[in-house]
Every structure is written in structure tokens, then in C-alpha cells.
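Notes follow the structure.
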Amino acid sequence: MHPYDVAIIGGGPAGLAAGIYAARAALQTILLEKGMPGGLAASTELIENYPGFTDGVSGPELMMQMYAQATRFGLKVLSSNVESIIPDNGLFKLKTDDDEIKTKTVILATGAQPRTIGVPGENEFHGRGVSYCATCDGAFFKDKAVAVIGGGDAAVEEALYLTKFARRVHVIHRRDELRAAKILQRRAMDNPKINFQWSRVVKSITGDQTVEKVLLKNVKNGATQNLDVDGVFVYVGTRPVSELVSGLIDIDSNGYIITDEEMRTSIPGLFAAGDIRQKLLRQVVTAVADGAIAAVSAEKHIDNL
Ligand code: NAP
């Protein structure tokens, strides 16, 4: 079997941008994605800070356009779960659920996944009130009360989005200061539907068939209180999906892949791009830049083989 030039693992913004650049450079390129292409960006209602869209753009729309653009240049997309990456005499073998793929280079763009808070009730009520995607589930909470956990950009942005449906949105944050961008903070503070529960953590999520209450603990004085809510949206950050290469390449203590500016990992021919990298800013705009650089670096690597 003739090897591909480039195999991209992951179909979020970084993977699709790499696909656009690699396929447009006439490299034989395959993208492997185990779920729906689009990544976490596809579950964001509105992306306001991606350049070129004065009024913002919906996450699903932006990702659909990136997908269409990549396939127009000839990117082959396969719905498949990669189980292992095996370096093999200067090439790579990718074992998937039902196949084996040979490639000269690999661009790892598996991104990050929502983190859980690990409290009683979180697992049990997942899909019955507990959600990690306001865009997907927000509409189920029309005129209801919901809790949003976290104080970063995602928590505040999604809390604002949920005010379209819910009558009350409690933002539960473990400190008394938000991490989110100032513009988001201002909008949330000005929104009469949003109520901040400062310096509190969730100890448990309870209910009968669906979520009914969260038990909060004040981290300053230890006081506990029950809050009546119908839904809980967890936005406490993300974790890298880097299990595929643990033990294979250099990874930092949080699981993020260490690369240089050309997206090279510690194994020649294996590149990483997007949220999975150790980096300062995890946004669509930096993910697509990483993807473009990784594709150009892969091309350079192939030229030198
Ligand atoms: P994040 O910036 O890491 O924020 C996570 C939030 O959850 C923090 O406020 C943190 O509290 C809190 N937290 C973490 N662990 C917790 C726990 N166990 N219990 C309770 N609270 C906990 O994550 P994010 O908001 O998901 O954003 C991820 C990345 O995407 C960021 O780089 C962000 O800028 C980017 N993003 C950008 C936009 C945008 O620009 N519009 C939108 C969404 C996401 P502390 O503050 O106390 O640490």
C-alpha cells in the first residue's frame, strides 16, 4: 500500500486548517475523525473574535465552511478512531478500529475535551440535567433555572447564551473574581437574569429523575446551601486528548504536547497543532494558525525524506 503524505488526526479547526493547506499543496492527505468534524468550536453558539466576521459567526457554520473548503481541495476524510501511532522506519503506521494506514507524516490535532468536576450526581445526571454543551441542550431549559459552573470565558459566554432560554442563570465560581475576558464579565454583570454565586463550589448534584438541586459550599466560611436548579452546565476548562501519544513523545505535566514553533514534536515527522499543544492561547484563531504551520512543516519534512 502506498503511504499517504500526511495523515491528520482530529477534525477541529487545527485539523481542518492543516487539511486545507496540505491538500492545496497537492499532498496526498487523509483526515481521521472519530466523531463529527468541527471539534469543540462546533458546539459554540457564537464566535465573536474570529477575524473577518463583523457580527460574529456561529461555531457550526464556521466549521462547516472549513470542512467544505478542505474537501474542495481534495482532502479525504475518514470517520475512524485511531488506536495507535507506530513509528516505522521513518514512516508511521496508524492502527484504526478496522484498518491500518501508512503515512510519511502525522499531524496530531485531537484537541481538548471538557473537564468534569467529579462530584456525586455529575455522572448519574449526565443527559438528565447535567450538560457540557449549552448550544446543544440550552433550549431544553426554557423558563427554568440553571447553574453554570466555572468563571472562565466559556462559563460566562455560555451563561449569557443560556439567558435566552432560562429564567435564571446562577454562575457558581470558586473565587470572587472571574477569569473571563472583561467584555464578557461586563455583559454578564449587566444581565438581570444572571446571579453570581461567588466563592462557592458544588459538592453534589441531586434530584429524582432529573436534576433538582445542587449543594454548594462556601469556600471562605464552609457554609453549605442547597440551590434549586433544573440544569447544571459544567465549564471548568478542558483537558488535552493526548493519550494516543503518551509515552511516545514529550508531553508536559498537564498532558499537553510540547512542540517548537514549527509544530514539530520530539519525533521527526510527527507534528501537533491546536488545543492539544502546550501554548498561551487556545482559540480558533491560534488553532488554525497551528494547523497551517504544521502542514507546511510536514511538506518540508517530506521534501527532505
Ligand atoms: P478556563 O479558562 O481554564 O477556565 C476554567 C474555569 O473553571 C476557571 O474559572 C476555573 O477557576 C474554573 N475551575 C476549574 N476547575 C474547577 C473545579 N474543579 N471546580 C470549580 N471551578 C473550576 O477554561 P474555559 O473557560 O473552558 O476556556 C478554555 C480556553 O478556551 C481558554 O483559553 C479560553 O480563553 C478559551 N475560550 C475563549 C472564548 C472566547 O474568547 N470567546 C470562549 C470560550 C473559551 P479559576 O478561575 O479559579 O481557576
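Ligands are numbered from 1 in the order shown, chains are lettered A, B, ... in the order of the C-alpha cells, and residues start at 1 in each chain.
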
Enumerate as JSON, numbers by chain all residues of range 16-241 of chain A assigned to strand (DSSP E) by DSSP on the backbone, naming them with the chain letters and numbers the document uses. {"A": [29, 30, 31, 32, 33, 76, 77, 78, 79, 82, 83, 84, 85, 86, 87, 88, 91, 92, 93, 94, 95, 96, 100, 101, 102, 103, 104, 105, 106, 107, 108, 112, 113, 114, 130, 131, 145, 146, 147, 148, 149, 168, 169, 170, 171, 172, 194, 195, 196, 197, 200, 201, 202, 203, 204, 205, 206, 207, 211, 212, 213, 214, 215, 216, 217, 218, 224, 225, 226, 227, 228, 231, 232, 233, 234, 238, 239, 240]}

Per residue of chain A within 8 Å of ligand 1, record the nearest atom pair and its distance in Å to one decimal, counting only C-alpha atoms and all ligand atoms, with rows in chain order and ascending residue number, as a tab-separated table.
```
residue	atom	partner	partner_atom_place_in_ligand_line	distance
A:Thr44	CA	ligand 1	43 (C)	7.9
A:Ile47	CA	ligand 1	41 (N)	6.4
A:Glu48	CA	ligand 1	41 (N)	6.5
A:Asn49	CA	ligand 1	40 (O)	6.4
A:Pro114	CA	ligand 1	26 (O)	7.2
A:Arg115	CA	ligand 1	15 (N)	7.8
A:Thr116	CA	ligand 1	18 (N)	7.4
A:Ile117	CA	ligand 1	18 (N)	4.9
A:Gly118	CA	ligand 1	18 (N)	7.7
A:Ile149	CA	ligand 1	21 (N)	6.2
A:Gly150	CA	ligand 1	7 (O)	3.8
A:Gly151	CA	ligand 1	9 (O)	3.3
A:Gly152	CA	ligand 1	25 (O)	3.6
A:Asp153	CA	ligand 1	25 (O)	4.1
A:Ala154	CA	ligand 1	25 (O)	3.7
A:Ala155	CA	ligand 1	25 (O)	5.5
A:Val156	CA	ligand 1	25 (O)	7.7
A:Glu157	CA	ligand 1	42 (C)	6.4
A:Ile172	CA	ligand 1	20 (C)	7.9
A:His173	CA	ligand 1	21 (N)	5.9
A:Arg174	CA	ligand 1	21 (N)	5.5
A:Arg175	CA	ligand 1	47 (O)	5.4
A:Glu177	CA	ligand 1	46 (O)	7.5
A:Leu178	CA	ligand 1	46 (O)	6.0
A:Arg179	CA	ligand 1	46 (O)	4.8
A:Ala180	CA	ligand 1	2 (O)	6.9
A:Ala181	CA	ligand 1	40 (O)	7.3
A:Val201	CA	ligand 1	20 (C)	5.8
A:Val202	CA	ligand 1	20 (C)	7.4
A:Tyr235	CA	ligand 1	26 (O)	5.5
A:Val236	CA	ligand 1	7 (O)	3.2
A:Gly237	CA	ligand 1	23 (O)	3.3
A:Thr238	CA	ligand 1	26 (O)	5.6
A:Leu280	CA	ligand 1	32 (O)	7.7
A:Leu281	CA	ligand 1	32 (O)	5.3
A:Arg282	CA	ligand 1	32 (O)	4.4
A:Gln283	CA	ligand 1	35 (C)	5.4
```

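Atom pair CA of Asp230 in chain A / CA of Ser43 in chain A: separated by 21.1 Å.
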
Taking 2 positions as the minimum chain separation for residues in the same chain, which residues sit within 8 Å of Val169 in chain A when counting only C-alpha atoms? Answer as a list in words. Ala145, Val146, Ala147, Val148, Ala159, Leu162, Thr163, Ala166, Arg167, Val171, Lys193, Ile194 and Asn195 of chain A

Non-local contacts of Lys213 in chain A (9 Å; only C-alpha atoms; under 5 positions in same chain excluded) as a PyMOL selection string: chain A and resi 204-207+226-231

Check range 34-269 of chain A with DSSP on the backbone and list each residue it calls alpha helix (DSSP H), as number ranges by chain. A: 59-72, 134-137, 153-162, 182-190

Contacts of range 290-296 of chain A at 7 Å (only C-alpha atoms; same-chain gap of 4+ positions) as a short mmCIF file (atom, residue, chain, number, x, y, z; two decimals) with all heavy atoms, in the first residue's frame:
```cif
data_model
loop_
_atom_site.label_atom_id
_atom_site.label_comp_id
_atom_site.auth_asym_id
_atom_site.auth_seq_id
_atom_site.Cartn_x
_atom_site.Cartn_y
_atom_site.Cartn_z
N ALA A 14 -7.88 23.10 13.99
CA ALA A 14 -6.47 22.86 13.68
C ALA A 14 -6.34 21.80 12.58
O ALA A 14 -5.61 21.97 11.61
CB ALA A 14 -5.71 22.43 14.93
N GLY A 15 -7.08 20.69 12.74
CA GLY A 15 -7.00 19.60 11.77
C GLY A 15 -7.51 20.02 10.41
O GLY A 15 -6.90 19.70 9.38
N ALA A 17 -7.70 23.10 9.17
CA ALA A 17 -6.79 24.09 8.56
C ALA A 17 -5.56 23.36 8.00
O ALA A 17 -5.11 23.67 6.89
CB ALA A 17 -6.37 25.13 9.59
N ALA A 18 -5.05 22.38 8.75
CA ALA A 18 -3.92 21.59 8.24
C ALA A 18 -4.34 20.90 6.95
O ALA A 18 -3.57 20.83 5.98
CB ALA A 18 -3.48 20.57 9.28
N TYR A 21 -4.37 23.36 3.96
CA TYR A 21 -3.02 23.68 3.49
C TYR A 21 -2.34 22.47 2.83
O TYR A 21 -1.71 22.61 1.79
CB TYR A 21 -2.16 24.22 4.65
CG TYR A 21 -2.34 25.71 4.82
CD1 TYR A 21 -3.53 26.23 5.34
CD2 TYR A 21 -1.36 26.60 4.41
CE1 TYR A 21 -3.72 27.59 5.47
CE2 TYR A 21 -1.54 27.97 4.54
CZ TYR A 21 -2.71 28.46 5.07
OH TYR A 21 -2.90 29.81 5.19
N ALA A 22 -2.49 21.30 3.44
CA ALA A 22 -1.80 20.13 2.89
C ALA A 22 -2.43 19.71 1.56
O ALA A 22 -1.72 19.45 0.58
CB ALA A 22 -1.84 18.98 3.89
N ILE A 107 -0.08 14.63 11.60
CA ILE A 107 -0.39 15.87 12.33
C ILE A 107 -1.46 15.53 13.36
O ILE A 107 -2.58 15.15 13.02
CB ILE A 107 -0.87 16.99 11.39
CG1 ILE A 107 0.23 17.36 10.39
CG2 ILE A 107 -1.30 18.23 12.20
CD1 ILE A 107 -0.17 18.37 9.33
N GLU A 262 7.58 25.34 14.78
CA GLU A 262 7.17 24.73 13.50
C GLU A 262 6.25 23.54 13.73
O GLU A 262 6.01 22.75 12.83
CB GLU A 262 8.41 24.35 12.71
CG GLU A 262 9.20 25.59 12.33
CD GLU A 262 10.46 25.30 11.53
OE1 GLU A 262 10.54 24.24 10.90
OE2 GLU A 262 11.36 26.15 11.57
N MET A 263 5.74 23.43 14.95
CA MET A 263 4.79 22.38 15.37
C MET A 263 5.41 20.99 15.37
O MET A 263 4.71 19.98 15.32
CB MET A 263 3.52 22.36 14.44
CG MET A 263 2.84 23.68 14.31
SD MET A 263 2.31 24.34 15.88
CE MET A 263 2.75 26.04 15.72
N PHE A 271 3.81 15.85 13.98
CA PHE A 271 3.55 17.25 14.32
C PHE A 271 2.29 17.34 15.18
O PHE A 271 1.44 16.43 15.16
CB PHE A 271 3.36 18.08 13.04
CG PHE A 271 4.55 17.98 12.12
CD1 PHE A 271 4.65 16.94 11.19
CD2 PHE A 271 5.59 18.89 12.19
CE1 PHE A 271 5.76 16.82 10.37
CE2 PHE A 271 6.70 18.79 11.37
CZ PHE A 271 6.79 17.74 10.45
N ALA A 272 2.15 18.42 15.94
CA ALA A 272 0.93 18.62 16.72
C ALA A 272 0.43 20.04 16.49
O ALA A 272 1.23 20.97 16.29
CB ALA A 272 1.22 18.38 18.21
N ALA A 273 -0.89 20.22 16.52
CA ALA A 273 -1.47 21.53 16.24
C ALA A 273 -2.76 21.73 17.04
O ALA A 273 -3.49 20.77 17.28
CB ALA A 273 -1.79 21.64 14.74
N GLY A 274 -2.99 22.96 17.47
CA GLY A 274 -4.25 23.30 18.13
C GLY A 274 -4.21 23.16 19.63
O GLY A 274 -3.16 23.22 20.26
N THR A 286 -5.84 30.69 16.89
CA THR A 286 -4.49 30.12 17.06
C THR A 286 -4.47 28.67 16.58
O THR A 286 -3.45 28.19 16.09
CB THR A 286 -4.01 30.20 18.53
OG1 THR A 286 -4.95 29.52 19.36
CG2 THR A 286 -3.87 31.64 18.99
N LYS A 300 7.77 20.23 4.26
CA LYS A 300 9.24 20.38 4.33
C LYS A 300 9.89 19.05 4.72
O LYS A 300 10.89 18.64 4.15
CB LYS A 300 9.56 21.44 5.39
CG LYS A 300 10.46 22.55 4.88
CD LYS A 300 10.52 23.73 5.82
CE LYS A 300 11.21 23.44 7.15
NZ LYS A 300 11.27 24.61 8.04
#
```

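Minimum distance to Ile9 in chain A across A:Glu61, A:Glu83, A:Asp260, A:Asp55 (counting only C-alpha atoms) occurs at A:Glu83.
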
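Taking CA of Val241 in chain A and CA of Ile302 in chain A as endpoints, the distance between them is 26.2 Å.
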
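CA of Lys217 in chain A to CA of Asn254 in chain A spans 27.0 Å [interatomic distance, one decimal].
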
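Compared by their closest atoms to Ser297 in chain A, and using only C-alpha atoms, the residues A:Gln225, A:Thr105, A:Ser79, A:Thr110 rank with A:Thr105 nearest.
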
So that I can see what lies close to Glu45 in chain A, please list as number ranges by chain the residues with an atom at most 6 Å from it, counting only C-alpha atoms and leaving out residues fewer than 5 positions away in the same chain. A: 58-59, 135

Could the residues in this selection be written to a file with C-alpha atoms, as a JSON list (two decimals), in the first residue's frame?
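Once everything was written out, this is out-v8.json:
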```
[["chain", "number", "residue", "atom", "x", "y", "z"],
["A", 58, "SER", "CA", -21.91, 30.60, 14.58],
["A", 59, "GLY", "CA", -19.49, 27.81, 15.52],
["A", 135, "THR", "CA", -25.59, 25.16, 22.47]]
```

Non-local contacts of Gly138 in chain A (9 Å; only C-alpha atoms; under 4 positions in same chain excluded) as a list in words: Ser131, Cys133, Ala134, Lys142, Tyr161, Leu162, Lys164, Phe165 and Ala166 of chain A

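If you measure from each of A:Leu244, A:Val130, A:Pro192, A:Val119 to Asn81 in chain A using only C-alpha atoms, the closest one turns out to be A:Leu244.
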